[in-house]
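Heads up, the thing below is written out as structure tokens.
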Amino acid sequence: MTVVLSGTEIAGKLREKFPESIIDAKPQFILVKPESLLEIATFLKDAPEYKFNYLTSVTAVDYYDYFEAVYHLTSIDHNHSLVLKTRCAREKPVLPSVVRLWQAADLQEREIYDLLGITFEGHPNLKRIVLWEGFQGHPLRKDYLA
Amino acid sequence: MEVSKPRALVYSEAELDRAEGAVIENLKASAQQPIPDRDKWLDEELKKNVLLTTVDAAINWARRSSLWTTVCFPACCAFEFITTAGSRFDISRFGMEIIRASPRQADLMITAGTLTWKMAPNVKRIYDQMPEPKWVIAMGACAVSGGIFRSSYSVVPGYNRIIPVDVYVPGCPPRPENLLYGIRLLQKKIAKESLMKSSQA
């Protein structure tokens with residue numbers, strides 16, 4: 001069974017390396033600033049003691065005031081997992097893409113872009129995936145009227 | 001425990017044999033001549049080649065008795081259709097055991113499932129590729145009206161928005177008996193068609 005690592009413990013270690021970039025940490029997750037998401041994700045992927053080499057899923061949630069992207073990381077080598085979160089403003093929905101780290105993010109970031117309208121900077125092929133080109137609006141936003 | 005006696009035979013074995021022999025003798029005595037052909041009075045050519053019917057009846061019979069289905073199974077009603085095609089409900093009783101992967105060899109489309117607008121052009125294309133004459137059975141609530149997804153932004157509210165539908169089979173999903181009843185209705189509908197009427201139209 002995969003061991004779920006405590007977010008507070010990991011965040012304590014991350015704070016030594018990346019001060020100022022962690023907003024919140026609970027046992028369930030770590031919330032980081034969007035501008036430092038990529039370097040923290042790179043560190044978590046490459047550091048030998050964590051080695052999160054497998055991205056289980058990327059998803060996003062509309063919390064009315066902001067959007068929150070959720071990254072489920074798993075290490076196949078160590079058999080442990082961690083949840084990483086980041087937020088972006090509703091007025092400027094832009095986040096960095098993690099496709100260059102985990103290829104698995106490709107389709108899922110496109111899905112988030114399609115249904116929630118978050119732009120992932122650095123994505124190689126960011127276009128709609130579920131709906132068709134020319135569709136108006138982003139249906140999973142809370143203010144979308146069907 | 002006492003063993004009961006075996007039931008006494010009505011006849012002795014010799015009597016049984018004699019009765020059997022009598023049956024055979026009687027049959028042989030009454031079968032000395034071959035039974036004459038009923039159409040013996042017809043001459044040879046006529047006997048093999050003439051069958052009287054109307055063109056409509058013959059063509060409609062052929063069409064409705066070999067409805068070949070094309071593949072249009074976008075969602076869960078497909079499983080009910082597969083059950084219908086399986087041995088328990090056995091769609092082949094109605095001449096439809098051949099589910100064609102190619103629409104060019106099919107004349108019936110059973111639309112088993114929810115259709116999204118993104119998928120709709122492909123279904124329209126499959127329908128257009130089917131040769132005439134062709135029929136459509138809308139199977140299930142989603143195919144009839146969009147079902148529970150009717151108000152969704154991405155679902156086509158009924159196949160009749162994009163292709164003409166002949167028979168509607170409601171249900172979510174319809175049971176195989178339900179679908180078979182729909183097929184029987186379609187066959188009755190085909191039986192009423194006429195070549196003359198369709199050529200005038």
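Ordering of the structure tokens sets the chain letters (A, B, ...); residue numbers start at 1 within each chain; ligands are numbered from 1 in the order shown.
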DSSP strand (DSSP E or B) selection over stretch 44-74 of chain A, as an mmCIF file with C-alpha atoms, in the first residue's frame:
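Just written: part_26.cif:
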data_model
loop_
_atom_site.group_PDB
_atom_site.id
_atom_site.type_symbol
_atom_site.label_atom_id
_atom_site.label_comp_id
_atom_site.auth_asym_id
_atom_site.auth_seq_id
_atom_site.Cartn_x
_atom_site.Cartn_y
_atom_site.Cartn_z
ATOM 1 C CA TYR A 54 4.787 9.503 -11.360
ATOM 2 C CA LEU A 55 2.002 12.075 -11.640
ATOM 3 C CA THR A 56 -1.238 10.286 -10.781
ATOM 4 C CA SER A 57 -3.549 13.152 -11.686
ATOM 5 C CA VAL A 58 -3.900 16.866 -12.187
ATOM 6 C CA THR A 59 -7.231 18.497 -11.582
ATOM 7 C CA ALA A 60 -8.594 21.895 -10.665
ATOM 8 C CA VAL A 61 -11.434 23.271 -8.556
ATOM 9 C CA ASP A 62 -13.432 26.481 -8.794
ATOM 10 C CA TYR A 66 -9.906 31.616 -7.030
ATOM 11 C CA PHE A 67 -9.077 28.444 -8.925
ATOM 12 C CA GLU A 68 -7.044 25.735 -7.243
ATOM 13 C CA ALA A 69 -4.998 23.178 -9.143
ATOM 14 C CA VAL A 70 -4.343 19.852 -7.404
ATOM 15 C CA TYR A 71 -1.403 17.614 -8.247
ATOM 16 C CA HIS A 72 -1.331 14.043 -6.953
ATOM 17 C CA LEU A 73 2.283 12.889 -6.919
ATOM 18 C CA THR A 74 3.426 9.315 -6.445
#
### Within 10 Å of chain A: residues of chain B, using only C-alpha atoms, as a PyMOL selection string
chain B and resi 116-119+151-154
Can you list, as a tab-separated table (two decimals) with N, CA and C atoms, in the first residue's frame, every protein, DNA or RNA residue that comes within 10 Å of B:Glu177 when you count only C-alpha atoms, leaving out same-chain residues fewer than 5 positions away?
chain	number	residue	atom	x	y	z
B	84	THR	N	-29.21	-8.35	-26.54
B	84	THR	CA	-30.24	-8.69	-27.51
B	84	THR	C	-29.67	-9.53	-28.64
B	89	PHE	N	-31.62	-13.77	-26.08
B	89	PHE	CA	-32.72	-13.04	-26.72
B	89	PHE	C	-32.68	-13.19	-28.24
B	182	GLY	N	-39.55	-3.11	-30.70
B	182	GLY	CA	-39.31	-1.99	-31.61
B	182	GLY	C	-38.92	-2.48	-33.00
B	183	ILE	N	-38.12	-3.54	-33.04
B	183	ILE	CA	-37.71	-4.09	-34.33
B	183	ILE	C	-38.92	-4.67	-35.07
**Study point:** Long-range neighbours of B:Ile59 as a ChimeraX atom specification, 10 Å cut-off, only C-alpha atoms, 4 positions minimum in chain
**Key:** /B:54-55,63-65,190-191,193-195
How would the residues just picked look written out with N, CA and C atoms as a CSV table (one decimal), in the first residue's frame?
chain,number,residue,atom,x,y,z
B,54,THR,N,-46.9,-10.3,-55.2
B,54,THR,CA,-46.8,-8.9,-55.8
B,54,THR,C,-45.3,-8.5,-55.6
B,55,VAL,N,-44.9,-7.6,-56.4
B,55,VAL,CA,-43.5,-7.1,-56.3
B,55,VAL,C,-43.3,-6.4,-54.9
B,63,ARG,N,-36.6,-7.2,-47.6
B,63,ARG,CA,-36.0,-6.1,-46.8
B,63,ARG,C,-36.2,-6.2,-45.3
B,64,ARG,N,-37.4,-6.6,-44.9
B,64,ARG,CA,-37.6,-6.6,-43.5
B,64,ARG,C,-37.1,-7.8,-42.8
B,65,SER,N,-36.8,-8.8,-43.6
B,65,SER,CA,-36.3,-10.1,-43.0
B,65,SER,C,-34.8,-10.2,-43.0
B,190,ILE,N,-42.0,-1.5,-42.5
B,190,ILE,CA,-41.4,-1.7,-43.8
B,190,ILE,C,-42.4,-2.5,-44.7
B,191,ALA,N,-43.2,-3.4,-44.0
B,191,ALA,CA,-44.2,-4.2,-44.8
B,191,ALA,C,-45.2,-3.4,-45.5
B,193,GLU,N,-44.6,-0.4,-46.9
B,193,GLU,CA,-44.0,0.5,-47.9
B,193,GLU,C,-44.3,-0.1,-49.3
B,194,SER,N,-44.3,0.9,-50.2
B,194,SER,CA,-44.6,0.5,-51.6
B,194,SER,C,-43.6,1.1,-52.6
B,195,LEU,N,-43.2,0.3,-53.5
B,195,LEU,CA,-42.2,0.9,-54.5
B,195,LEU,C,-42.9,2.0,-55.3
Q) Counting only C-alpha atoms, what is within 12 Å of A:Phe43, bar same-chain residues fewer than 3 positions away, as a list in words? A)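 So the residues in contact are Ile10, Lys13, Leu14, Lys17, Phe18, Ser36, Leu37, Leu38, Glu39, Ile40, Asp46, Ala47, Pro48, Glu49, Tyr50, Lys51, Phe52, Asn53 and Leu101 of chain A.
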Can those selected residues be exported to a file as a PDB file, in the first residue's frame so that it contains N, CA and C atoms?
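Contents of out25.pdb, as written:
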ATOM      1  N   ILE A  10       6.854  17.347   5.080  1.00  0.00           N
ATOM      2  CA  ILE A  10       7.576  17.672   3.850  1.00  0.00           C
ATOM      3  C   ILE A  10       7.735  19.182   3.737  1.00  0.00           C
ATOM      4  N   LYS A  13      10.628  20.579   5.548  1.00  0.00           N
ATOM      5  CA  LYS A  13      11.913  20.407   4.854  1.00  0.00           C
ATOM      6  C   LYS A  13      12.003  21.334   3.634  1.00  0.00           C
ATOM      7  N   LEU A  14      10.858  21.505   2.978  1.00  0.00           N
ATOM      8  CA  LEU A  14      10.884  22.370   1.789  1.00  0.00           C
ATOM      9  C   LEU A  14      11.156  23.821   2.170  1.00  0.00           C
ATOM     10  N   LYS A  17      14.659  24.911   2.015  1.00  0.00           N
ATOM     11  CA  LYS A  17      15.219  25.098   0.678  1.00  0.00           C
ATOM     12  C   LYS A  17      14.524  26.228  -0.079  1.00  0.00           C
ATOM     13  N   PHE A  18      13.208  26.312   0.094  1.00  0.00           N
ATOM     14  CA  PHE A  18      12.440  27.351  -0.617  1.00  0.00           C
ATOM     15  C   PHE A  18      11.682  28.211   0.390  1.00  0.00           C
ATOM     16  N   SER A  36       6.461  29.571  -7.776  1.00  0.00           N
ATOM     17  CA  SER A  36       7.528  28.640  -7.388  1.00  0.00           C
ATOM     18  C   SER A  36       7.098  27.178  -7.532  1.00  0.00           C
ATOM     19  N   LEU A  37       5.956  26.955  -8.199  1.00  0.00           N
ATOM     20  CA  LEU A  37       5.462  25.578  -8.369  1.00  0.00           C
ATOM     21  C   LEU A  37       6.468  24.723  -9.129  1.00  0.00           C
ATOM     22  N   LEU A  38       7.011  25.298 -10.220  1.00  0.00           N
ATOM     23  CA  LEU A  38       7.877  24.483 -11.077  1.00  0.00           C
ATOM     24  C   LEU A  38       9.143  24.056 -10.356  1.00  0.00           C
ATOM     25  N   GLU A  39       9.775  24.984  -9.607  1.00  0.00           N
ATOM     26  CA  GLU A  39      11.040  24.585  -8.978  1.00  0.00           C
ATOM     27  C   GLU A  39      10.791  23.607  -7.839  1.00  0.00           C
ATOM     28  N   ILE A  40       9.676  23.779  -7.121  1.00  0.00           N
ATOM     29  CA  ILE A  40       9.376  22.808  -6.060  1.00  0.00           C
ATOM     30  C   ILE A  40       9.053  21.446  -6.671  1.00  0.00           C
ATOM     31  N   ASP A  46      13.195  15.161  -8.477  1.00  0.00           N
ATOM     32  CA  ASP A  46      14.588  14.745  -8.633  1.00  0.00           C
ATOM     33  C   ASP A  46      15.278  14.353  -7.323  1.00  0.00           C
ATOM     34  N   ALA A  47      14.819  14.909  -6.178  1.00  0.00           N
ATOM     35  CA  ALA A  47      15.506  14.611  -4.919  1.00  0.00           C
ATOM     36  C   ALA A  47      15.446  13.120  -4.630  1.00  0.00           C
ATOM     37  N   PRO A  48      16.589  12.497  -4.318  1.00  0.00           N
ATOM     38  CA  PRO A  48      16.609  11.031  -4.172  1.00  0.00           C
ATOM     39  C   PRO A  48      15.723  10.531  -3.042  1.00  0.00           C
ATOM     40  N   GLU A  49      15.497  11.364  -1.987  1.00  0.00           N
ATOM     41  CA  GLU A  49      14.682  10.855  -0.873  1.00  0.00           C
ATOM     42  C   GLU A  49      13.182  10.922  -1.190  1.00  0.00           C
ATOM     43  N   TYR A  50      12.767  11.729  -2.188  1.00  0.00           N
ATOM     44  CA  TYR A  50      11.344  11.807  -2.557  1.00  0.00           C
ATOM     45  C   TYR A  50      11.080  11.092  -3.886  1.00  0.00           C
ATOM     46  N   LYS A  51      11.733  11.569  -4.929  1.00  0.00           N
ATOM     47  CA  LYS A  51      11.676  10.903  -6.234  1.00  0.00           C
ATOM     48  C   LYS A  51      10.236  10.660  -6.712  1.00  0.00           C
ATOM     49  N   PHE A  52       9.442  11.742  -6.749  1.00  0.00           N
ATOM     50  CA  PHE A  52       8.059  11.602  -7.232  1.00  0.00           C
ATOM     51  C   PHE A  52       8.079  11.529  -8.761  1.00  0.00           C
ATOM     52  N   ASN A  53       8.296  10.328  -9.271  1.00  0.00           N
ATOM     53  CA  ASN A  53       8.476  10.190 -10.716  1.00  0.00           C
ATOM     54  C   ASN A  53       7.175   9.853 -11.438  1.00  0.00           C
ATOM     55  N   LEU A 101       7.974  18.107 -16.871  1.00  0.00           N
ATOM     56  CA  LEU A 101       8.382  17.193 -15.800  1.00  0.00           C
ATOM     57  C   LEU A 101       7.676  15.846 -15.920  1.00  0.00           C
TER      58      LEU A 101
END
